[in-house]
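Student: Supplied in structure tokens, the structure appears directly below.
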Amino acid sequence: MILAKADSENAPVGSRRFGVESCAQFGAELIHDACCGRARIRHMGLRGRAALARAVEERLRRLPGVLFVRSSALTGSTLVEFQQPLTSARLMQALEAAVAEEPAWVVGDGASLAPENAAHAEAIDALATRLETDISRGLATEDAAERLQKCGRNELRRAEPRSAAIIFAEQLTSLPIVLLGASAVVSLATGGVADAVMIAAVVLINAGIAAATERQADRTISGLASDELSDAAVIRNGARLRVDARDLAPGDLLLIERGAFVPADARLIASDDLTVNESPLTGEAQPAPKDAKIVLSPDTGVPDRRNMVFRGTAVTGGSGAAIITAIGAQTEIGRVQQLLGALQRPQTPIQRELGDVERELVIVNGAICACVFALGLLRGHGLIPTLRSAISLAVAAIPEGLPAVATTTLALGVQDMRKRKVLVRKIDAVETLGAIETIGLDKTGTLTENRMAAVRVHVDNGAFELLEGRLLRDGVDADAATVAIARRLFEAATLCSDAAVAPAAKGWEIDGTPTETALVEAGVAMGVDPIDLRRSAPMATCVARGEGRKRMSTLHIAIGGARVLCVKGDPVEVLARCATRSTADGAAPLDGPARTAILKANERMAGDALRVLGVAIGEAGGDPRDERDLVWLGLAGMANPIRASVGPALKQLHRAGVRTVMITGDQSATAFAIARRLDLNHGGELRVLEAGQMAKMQPEMLEALARQPQVFARVSPVDKLNIVKALQGHGHIVAMTGDGVNDGPALRAADVGIAMGGEGADVARQVADIVLATDDMDGVVEAIRLGRATYANIRKVLRYLISTNASETIAMLGAALVGGEPLTPMQLLWLNLATDALPAIALGLEPPEPDVLDRPPHDPKAAILAASDFRRILREGSVMGVGALIGYFSLGGGAGGARASTVTFHGLTCGQLLHSLSCRSELRGLSSEVGRPPNSTLYGAVGATLLLQAGVQLFPLARRLLGLSPLGAGDLLRIGAIALGSSLANDIIGRIADREDAPPRGNGESHVA
């Protein structure tokens, strides 16, 4: 939005200082005030001005009678809730006055600092003039502070957390709760005051428990959606500074660095091979190239604005500088966030699926309750008593808390993972972790330590292991002449190096690339003093590695004036420029056999997963590019030490049915050697596919071949992305690990991106779904283990809730068929209240089963409860229901009166609580408790429920309310027999059924190709 000059003489009230488009657009307009005490007013002067919207909110809140106010800079509307004597007309006047009090930010010729979304169409000089920014010096500190005060901080408005009252109210809006409320009304209308009170208690207590746990889940999820910004590099007052990204102002000169996140929208003024991952904004994970020189048309869409960078995107390559054009809510991602209602808690796939299950159960149980009601009437029972029984059965049978339990279980799983240093950034990832079938492993930083060490040298036609400064062959030290050649090799490598060296408390502090650091460290271990060496032969000129040049050359002027040329790099390139070689007997000709031996040694070392460099020296003139007639010193082989945790972790992943593939930028020989050492293919034949081969393939061909190789070598960030997509093309759930900027696109595209958090780049951590606190592969295994356990716990909770509700339905329906009523309406309501909530939540905290990683992943396309699961649940509920009926009719059924009903009531309650212990295992019943790790939370929940049950039997008032009779010793034995008998019967029947049927979902055949 471009602001014209303010015309204070002609502008009407409300727009006088804005000078925007037309004056009529800036008057307050009443949109809605049909509801008493609630008005929505639009003022176009608020559009695109977040700071002004916040200021207006503050001013309106000071008015007497204002209860709530919210202004939107996106729509220009303000919502106000108020009480008399305040009126809508008075609010409109106050709003216009509040807007008029806030001056627009007008600079230069009247152009606004507010973003106008057309900076991509302006020349750099014109933009700098409009924003009054000095391209060479940036803003003055005072100017930046003033603009920050006017425009507000560079922050996105976070969604207000839901209050406890709102969460509680939401628990009362689901279909089962509405039906229960209707049941209470019917009970009250038919004279059942006690029933109505009990139903209300069931509803309110369940809603209270669900609200408390969901509020905690909300806090957990809100923590995952935080707007994270770090420091940003800017130029102010002509100096480079690092400032809090929230303190950036329009017009600031922003420096863009590889691996950083862009903190605001900005127009590029310089770029050097700059690429940016804009997937948070455009959905395209492939890095977008940027070019500061181009000027685009005003109607160019965001994905095509190659001269702009946007907040929340990640710099994957190159560098640049830019002028900030928009901050906070005015950025493109801020606008999208407002339009889409970002940062609000999403409904997870499991919640949606459980909502469907809940509705189906409501329909089925509703039909059963109708049958019970019809049977009661046919047998001549009174209308009102029969209706009350049917209503109570509906209350007991309807599972009113399935989605809430799922949310709670997921949130508890996230918290448990955090305790184990597995940080979940996206709660949906907990569901997906249990279904991972293929995991792509980045080599450096994941499989190997993120450092290099020189471990082998080849000098004087011999290969030697390097151990703490000693040269060893078959455990025997090399002779002094050979050691001298190796020492000279590392002296040349230390001179031909960009690594900075400084004395430290213990040894040396070396700051360089991993390769150069490893070479200097090896020289130090052999007695080389790097500082004295460099003083004796300071570097004169240097020619670095580059495109088409795989070596580095440095020219040194030694004391006495001698010129020494040091060269290190690709062994083939360095060897081609050598005429002689250093031996124990002095310089020797570098003939054909000697060259062949060196090249074969290079291949052997590369085949052993070493990074190999050749080193040579020579005399030189004034040009370090004059690399002729050099003296070959030898080969230095460096390795990324394989992490100690990798081997056992890979074996565990293979046992869990997870396919492992390596995706690395290293050469194929190195990658193959490491994969062979790690047994990456689990004893099978290893296949390697190089990026050069992939480049010639169509996506369909790559997708077809992706199932075969276990190693993808020489890959770029784009290649990694394409490989992940190809693996997903088979319908597999794919995880990707990584720790660098180049892993960002693949981490984003994977079903679960896992960032190794120890020493990884910020980009990797920001785009990943799971962040491990360490770089050990144990963390990957732990994440999958906990993800599977959380998914299994949701299934256990469902099994318990549905089967226990089914047991009550079976008991009531079976008795109705023969003319009995084993449980009174109040007893049914108590069963629902006492046995559902606490054991279900405790099952959500069940620790992982010992064999959870000895099973294949579950099928991601299957429902959380398959048909076989429902058959099992119905069978278990039927056994408990039949056990209760046996106890009821053993005392004469309806003729047994209150005593029969009391024994049935307590027997079914205790049976359900024992069943909660059986539900701890997906494969076994109550007998699984023997030798199993304890779940103290579940034991506490069962114990607390039993105490409640004993309390209602012991207290006369509660006993009368529930229609219970006193119990004798024989009755206690019957209660125990009902509870224990149904549990043991379920255990035995389950074992028999498991031999005949396929195991439950998640324990079947592997879906891994």
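Labels used: A, B, ... for chains in the order of the structure tokens, numbers from 1 for residues in each chain, and numbers from 1 for ligands as shown.
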Need the shell around A:Pro717: protein/DNA/RNA residues with any atom at most 9 Å away, counting only C-alpha atoms. Skip same-chain ones fewer than 2 positions apart. Format as a list of chain:residue names?
Tutor: A:Gln286, A:Pro287, A:Thr316, A:Gly665, A:Val715, A:Asp719, A:Lys720, A:Leu721, A:Asn722, A:Val741, A:Asn742, A:Asp743, A:Gly744, A:Pro745, A:Ala746
Student: Just the selected residues (C-alpha atoms), exported as a short mmCIF file (atom, residue, chain, number, x, y, z; two decimals), in the first residue's frame, please.
Tutor:
```
data_model
loop_
_atom_site.label_atom_id
_atom_site.label_comp_id
_atom_site.auth_asym_id
_atom_site.auth_seq_id
_atom_site.Cartn_x
_atom_site.Cartn_y
_atom_site.Cartn_z
CA GLN A 286 13.53 -27.47 -3.73
CA PRO A 287 15.79 -24.46 -2.99
CA THR A 316 20.63 -23.20 1.87
CA GLY A 665 27.51 -36.64 -0.77
CA VAL A 715 24.18 -36.58 -3.98
CA ASP A 719 19.15 -35.26 -5.10
CA LYS A 720 18.39 -36.03 -1.45
CA LEU A 721 14.97 -34.45 -1.87
CA ASN A 722 14.26 -36.48 -5.02
CA VAL A 741 21.87 -27.16 5.78
CA ASN A 742 22.05 -29.48 2.78
CA ASP A 743 19.74 -31.92 4.58
CA GLY A 744 16.99 -29.29 5.04
CA PRO A 745 14.90 -30.00 1.91
CA ALA A 746 14.94 -33.76 2.48
#
```
Student: I'd like the neighbourhood of A:Asn602 as an mmCIF file with C-alpha atoms, in the first residue's frame, where a residue qualifies if any of its atoms comes within 8 Å (using only C-alpha atoms), though same-chain residues fewer than 5 positions away should be ignored.
Tutor:
```cif
data_model
loop_
_atom_site.group_PDB
_atom_site.id
_atom_site.type_symbol
_atom_site.label_atom_id
_atom_site.label_comp_id
_atom_site.auth_asym_id
_atom_site.auth_seq_id
_atom_site.Cartn_x
_atom_site.Cartn_y
_atom_site.Cartn_z
ATOM 1 C CA PRO A 571 45.810 -37.475 -5.538
ATOM 2 C CA VAL A 612 42.579 -39.375 0.599
ATOM 3 C CA LEU A 635 49.088 -39.906 0.572
#
```
Student: Taking into account only C-alpha atoms, which residue in the set A:Glu922, A:Asp626, A:Asp739, A:Glu155 is nearest to A:Val797?
Tutor: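 Ranked by minimum distance to A:Val797, first place goes to A:Glu922.
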Student: As a PyMOL selection string, please: the residues near stretch 235-244 of chain A (cut-off 7 Å, only C-alpha atoms, same-chain neighbours under 3 positions excluded).
Tutor: chain A and resi 136-141+230-232+247+253-254
Student: Those same residues, written as a compact mmCIF listing (two decimals), in the first residue's frame with C-alpha atoms?
Tutor:
```
# COMPACT_ATOMS: atom_id res chain seq x y z
CA SER A 136 26.65 1.38 2.27
CA ARG A 137 26.06 2.29 5.94
CA GLY A 138 22.58 1.01 6.74
CA LEU A 139 20.33 2.77 9.24
CA ALA A 140 21.56 4.84 12.11
CA THR A 141 20.87 3.24 15.47
CA SER A 230 17.57 -15.85 16.68
CA ASP A 231 19.96 -12.96 16.24
CA ALA A 232 20.34 -11.36 12.82
CA ASP A 247 14.39 -5.50 16.89
CA LEU A 253 20.35 -3.54 5.89
CA LEU A 254 20.25 -7.29 6.46
```
